[in-house]
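The structure appears right after this line, and notes come after that.
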Amino acid sequence: MNRRIRLILVLGGLLMAGICVRLVHLQLLQGAVYARAAFNEHFRLVNRQPRRGSILDREGRILAVSLASDSVYADPKIVRNPDEVSQQLSEILSIPVETFAKPLAQKNRRFCWLARNITPSQSEALHRLKLHGVFFRKESQRFYPAGPDTAGLIGITTIDGEGIEGIERTHDRSLKGTPGMELIAHDAFARPYQGSALILHDSEQGSDVQITIDLALQHFAAEALRRAVESEQASWGAAVILNPKSGDILAMASEPSYEPNTFESTSVEQRRNHCVMDLVEPGSTFKAITFAIALANRLVSPEDTIDCQGGSLWIGNAHFEDWKKFSILPVRDVLVFSSNVGTIHIAHRVGGLQLSEFARQLGFGQDVPVDIPGTQSGFIRGGPKWSQTATASLSIGYGVSTTALQMATAYGIFANGGYRISPRLVLNEPRPASERIIEENAAGTLRSLLHEVVSRGTGHLADPVYYTAGGKTGTSRRYDPARGGYQEGAITCLFAGFAPADNPQIALCIIIDNPKHGIWASQVAAPVFKEIVDRSLIYLGIPSDKGVAV
Amino acid sequence: MNRVAEPNRTSDHGILIVSLIMAGIGVLMVYDASAVSAALRDKFSDQYYFLFRQALWMFVGIITMVLMSKIPIESIQRFILPALLLNIILLILVLVPGIGVEAGGARRWLRLGPVSMQPGEPIRLLLPVYLATFFQRRRSEIRSFRRVLLPVALVTVSVAFLLILQPKVSSALLITVLATVLFFVAGIPIWQMLVLGLSGLPLLALNLDRFHYIYQRLTAWLDPSSHVKGLAYQSTQSLIAIGSGGFFGVGLGQGRQKMFYLPEAHTDFIFSVIGEELGFIGALALLGGFTFLFIRGIQLSLRLEQFVDKLLAFAMTTLVLFPVFVNTMVATGLFPVTGVPLPLISFGGSALVTDMTALGILSGLARKLPA
């Protein structure tokens, strides 16, 4: 009997020895291999998303900011009772049940989003339910406090934080920051467990971008413009405010706008920044350019007289008309009452080539050094040889196209005494040295003429209550790019100007495209100018120069 | 009555102490391996869920172990037949829907108020004690097929059959092997066992469906690459756990394989957790403890003089330590995956109490050693 027992003892000893040899093999010889396998299985490398930088206005007020938010996702395989979970999610998030029922029913999937960027109270309510298989992820959500007022300018990001329009797009790289790298330990169901993260290199926060916009002025511009575009049922409107001395863009409003905090339902078309993306023919606002070069070259003086020929002029088969049968007018009144015929006569003294070259110096047809996607540079039609007709057209603002920003820039140059302006949108960007392009006296004369346009001429509806102002209306036939021709009965209304008249602090251009009621810019665009000037200058603390108590 | 040598009169304290230490390590490792999953699972939501239960059962085990080491084996043998019959009745009851608690597709538990037990565990102890008692009574006829092997084989096969019905095939196989080894040591001719075994094979063939998953596990073991996501998963994860432990281990409580990579980390694969956290050193120390119990028990069996005492000591030793071989061989990939827990260490109250009782009996048998 003891022989048989000993046999079992030996067998057991052999087995035990075999197990020990196996342990030597697994743990000592192959240990490194299994350690690597374990590492690969237990950890995953994850990007650490940096916080996106904010966009601030010139006073440091927030225009766009990233807020921490929760997103909810599920592991459908381990969700118990998907119907009940869908019902609970639906009640808390106010989203239809069907949205959750379908993804949760896919039992072989291990991941599905339930809702991105939910509110803190929703998140709290969901956390309290402790739903099995429902998880949360910290994300950040972009928030635009000024909403539609700044939407067209600031642009938007995708839900994953990619800037796709406006400043968000052009400054995406610096706003975005640098993602870091993190080693996260997770369980067999890929769920990270607490306190398990090892940061390999941290993310670098995105830097803030401070722009030249003043949120208050932006709001004044957006509000006045919105009201005009709505009451006129216009196709679109644009309003730009510049500081004529620095070239800083103080406001850039575009209508119709959209709610950037819920932009998903809008189209690219709706999100256009009309201030820089749309070109119009400037019409009579361009007469100031014709006058500027004529005055600078001393070809006319305000007291000269011009025969306006009863407001009708034929050049070849081209017929130019005035809105009124003017006969002989002083040069100043040609501008003040906006005579086409008178302006054409002055332009012929200047010459087409000279006029177009001067316009280019002011920035027409030139690239605008502003970093907004889709910014147009416009054009001036015509080559080195200028016919009388072409010169005539250009002098009254046809055959040339401009954006609201370009026109505001030109009037800014008149306002600042004749120095070139390089519009600037980002604060702290270097400014090029200023360079005179209009002789000082000519600029002063033009400013006083433009003041008269507002005080007693076609622009009287633009006359602010508290401040003097200079400016010019422009009503042009609406060019329809779809049909390649002018659209019968449709117009584009402009008003460009500055205020106060003697020492301008702001230069503006308002465009209202395709208004359905008004037929003159003096009715449609001038009142918008007036409202914006009054509110902006009061806000900026500029004392009234009309002696009206503010 | 024959004059016997002056009895030793003291139980084997080495066996008691080592068993106690091992069970203590078991409680610690059960907590270590189960805390996270116990805290996360809604059913428990308590990291101490398994710790509390295992500690309680260890306490019960200590009482029975000490008790068994004190009382004479004859008084246990006197009640062995009714005890075995009761256990067999429980094994039948556990199969009855409404009485047996179903979990994971098997009926293994009986619930009596707040406690539940697996009748499949004590049978591991009662059957060998019964068989040893039976052989003692018919020692003179030990070579008679009809009088000895046939009846004990029938009892063993019936018990195994009841276990298969739960189903708990691993326990059935284990108990069959244990009984067979006991037949062998008792002196039953090998040719008889061979004939009986071979004649039983056609029975298995009739039931091949049931054994299909055993076949699958076998192929998964032989060719893990074909089953990486399926059956070989458990084995692969166990190897990763043990292998990544290296020489010193990743540190107590620092293991990551218990984060649901290892299925049943606190029961069938607790050895893998130990290998990962305590390394080669820890695994070797644990095996050292088992080896001590094994050699000590077999030595006791060799030195005892009475036929029945030798048989009982041998039976107690093998019933506790055979599962150790199976479990650690499964964990190290030397044997196909079967659900055999690691004695004294793995979570499970019925098994712990059974093993500690057996070790108590083994320790008590030392009192019969010649001085």
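Just remember, in the structure tokens the first chain shown is A, the second B, etc., residues are 1-based per chain, and ligands are 1-based in the order shown.
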Can you pull out the residues contacting A:Lys546? Cut-off 10 Å, using only C-alpha atoms, and skip same-chain residues under 4 positions away; I want them as a CSV table (one decimal) with C-alpha atoms, in the first residue's frame.
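Wrote part_19.csv, looks like this:
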chain,number,residue,atom,x,y,z
A,464,PRO,CA,-26.9,113.5,-36.1
A,465,VAL,CA,-28.7,115.1,-33.2
A,466,TYR,CA,-25.7,115.8,-31.0
A,467,TYR,CA,-22.8,116.0,-33.4
A,468,THR,CA,-21.8,117.5,-36.7
A,500,PRO,CA,-17.7,114.9,-35.7
For a quick test of understanding: name the residues of chain B lying within 8 Å of chain A when counting only C-alpha atoms, and present them as an NGL selection string.
:B and (184-187 or 239-247 or 256-257 or 259-261 or 279-280 or 284 or 287 or 291 or 295 or 298 or 301-302 or 314 or 325 or 328-329 or 332)
From a DSSP pass on the backbone, collect the residues of stretch 107-291 of chain A flagged as strand (DSSP E) and hand them back as an MDAnalysis selection string.
chainID A and resid 112:118 134:143 180:186 192:201 209:210 236:242 249:255
Which residues in stretch 76-296 of chain B does DSSP call helix (DSSP H, G or I)? List them as an MDAnalysis selection string.
chainID B and resid 76:78 80:93 123:137 139:141 145:165 169:186 190:206 208:222 224:227 232:245 270:296
Could you pull the residues within 8 Å of stretch 107-111 of chain A, counting only C-alpha atoms, minus those fewer than 6 positions along the same chain, as a list in words?
Tyr73, Ala74, Asp75, Pro76, Lys77 and Ile78 of chain A
Could you save the residues just selected, with N, CA and C atoms, as a short mmCIF file (atom, residue, chain, number, x, y, z; two decimals), in the first residue's frame?
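So part.cif came out as:
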data_model
loop_
_atom_site.label_atom_id
_atom_site.label_comp_id
_atom_site.auth_asym_id
_atom_site.auth_seq_id
_atom_site.Cartn_x
_atom_site.Cartn_y
_atom_site.Cartn_z
N TYR A 73 -22.21 59.85 -23.15
CA TYR A 73 -22.17 58.76 -24.11
C TYR A 73 -22.54 57.46 -23.43
N ALA A 74 -22.76 56.44 -24.22
CA ALA A 74 -23.18 55.16 -23.64
C ALA A 74 -22.37 54.03 -24.22
N ASP A 75 -22.31 52.98 -23.48
CA ASP A 75 -21.78 51.70 -23.96
C ASP A 75 -23.01 50.79 -24.11
N PRO A 76 -23.58 50.75 -25.32
CA PRO A 76 -24.87 50.06 -25.49
C PRO A 76 -24.84 48.61 -25.00
N LYS A 77 -23.66 48.00 -25.06
CA LYS A 77 -23.59 46.58 -24.69
C LYS A 77 -23.95 46.36 -23.22
N ILE A 78 -23.59 47.33 -22.37
CA ILE A 78 -23.84 47.09 -20.95
C ILE A 78 -25.00 47.91 -20.39
#
Find the spatial neighbours of A:Pro527, counting only C-alpha atoms, within a cut-off of 9 Å - ignore same-chain residues fewer than 3 positions away - and output them as an mmCIF file with C-alpha atoms, in the first residue's frame.
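File produced: selection.cif:
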data_model
loop_
_atom_site.group_PDB
_atom_site.id
_atom_site.type_symbol
_atom_site.label_atom_id
_atom_site.label_comp_id
_atom_site.auth_asym_id
_atom_site.auth_seq_id
_atom_site.Cartn_x
_atom_site.Cartn_y
_atom_site.Cartn_z
ATOM 1 C CA ALA A 224 -29.547 100.077 -36.094
ATOM 2 C CA ALA A 228 -33.325 99.074 -41.170
ATOM 3 C CA LEU A 461 -31.392 112.675 -42.871
ATOM 4 C CA ALA A 462 -27.978 111.525 -41.728
ATOM 5 C CA ASP A 463 -27.415 114.642 -39.633
ATOM 6 C CA PRO A 464 -26.855 113.471 -36.060
ATOM 7 C CA SER A 522 -30.864 109.327 -48.215
ATOM 8 C CA GLN A 523 -34.024 107.660 -46.864
ATOM 9 C CA VAL A 524 -32.699 104.145 -46.366
ATOM 10 C CA LYS A 530 -27.295 109.111 -37.858
ATOM 11 C CA GLU A 531 -28.335 106.676 -35.132
ATOM 12 C CA ILE A 532 -24.989 104.907 -35.007
#
Residues at most 8 Å from A:Thr212, counting only C-alpha atoms, excluding those fewer than 2 positions away in the same chain, as a list in words?
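Surrounding residues, per the criterion: Asp57, Arg58, Gln210, Asp214, Asp248, Ile249, Leu250, Arg424, Leu425, Val426 and Leu427 of chain A.
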For those residues, write N, CA and C atoms to a file as a CSV table (one decimal), in the first residue's frame.
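Printed below is out-v6.csv as written:
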chain,number,residue,atom,x,y,z
A,57,ASP,N,-12.9,91.8,-27.0
A,57,ASP,CA,-12.9,93.1,-27.8
A,57,ASP,C,-11.8,94.0,-27.2
A,58,ARG,N,-11.7,95.2,-27.7
A,58,ARG,CA,-10.6,96.0,-27.4
A,58,ARG,C,-10.5,96.4,-25.9
A,210,GLN,N,-7.2,89.3,-29.0
A,210,GLN,CA,-8.0,90.6,-28.7
A,210,GLN,C,-8.1,91.4,-30.0
A,214,ASP,N,-15.0,97.3,-30.7
A,214,ASP,CA,-15.6,97.8,-29.4
A,214,ASP,C,-17.0,97.2,-29.3
A,248,ASP,N,-8.1,101.2,-36.8
A,248,ASP,CA,-8.8,100.1,-36.0
A,248,ASP,C,-10.2,100.0,-36.5
A,249,ILE,N,-10.6,98.8,-36.7
A,249,ILE,CA,-12.0,98.5,-37.0
A,249,ILE,C,-12.8,98.4,-35.7
A,250,LEU,N,-13.7,99.4,-35.5
A,250,LEU,CA,-14.4,99.4,-34.2
A,250,LEU,C,-15.7,98.6,-34.2
A,424,ARG,N,-7.2,97.6,-39.4
A,424,ARG,CA,-6.6,96.6,-38.5
A,424,ARG,C,-7.8,96.0,-37.7
A,425,LEU,N,-7.7,94.7,-37.6
A,425,LEU,CA,-8.8,94.0,-36.8
A,425,LEU,C,-8.3,93.4,-35.6
A,426,VAL,N,-7.0,93.1,-35.5
A,426,VAL,CA,-6.4,92.4,-34.4
A,426,VAL,C,-5.5,93.4,-33.6
A,427,LEU,N,-5.9,93.6,-32.3
A,427,LEU,CA,-5.1,94.6,-31.5
A,427,LEU,C,-3.7,94.1,-31.4
Tell me which protein, DNA and RNA residues are within 10 Å of A:Gln218, counting only C-alpha atoms, leaving out same-chain ones fewer than 4 positions away, and put them as a list in words.
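Skipping anything fewer than 4 positions along the chain leaves Asp57, Ala146, Asp149, Thr150, Ile213, Asp214, Ala222, Glu223, Ala239, Val240, Ile241, Ile249, Leu250, Ala251, Met252, Ala253, Ser254, Ile532 and Ser536 of chain A.
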Using only C-alpha atoms, which residue out of A:Ile167, A:Val350, A:Leu450, A:Leu153 lies closest to A:Phe337?
A:Leu450
What gap, in Å, lies between atom CA of A:Gln354 and atom CA of A:Tyr479?
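Distance reported for this atom pair: 25.7 Å.
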Kindly give the distance, in Å, that separates atom CA of A:Lys472 and atom CA of A:Ala359, rounded to a single decimal.
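A separation of 16.4 Å between them.
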With only C-alpha atoms as the basis for distance, which of B:Leu126, B:Ala35, B:Val330, B:Ile71 is at the shortest distance from B:Arg9?
B:Ile71
Close residues, A:Ile95 itself excluded, 12 Å, only C-alpha atoms, min 3 positions apart in chain, as a count of residues only
16
Looking at B:Gln54, B:Ile123, B:Gly339, B:Gln166, which one is nearest to B:Pro97, with distances taken over only C-alpha atoms?
B:Gln166
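Going from atom CA of A:Gly310 over to atom CA of A:Phe326, you cover 4.9 Å.
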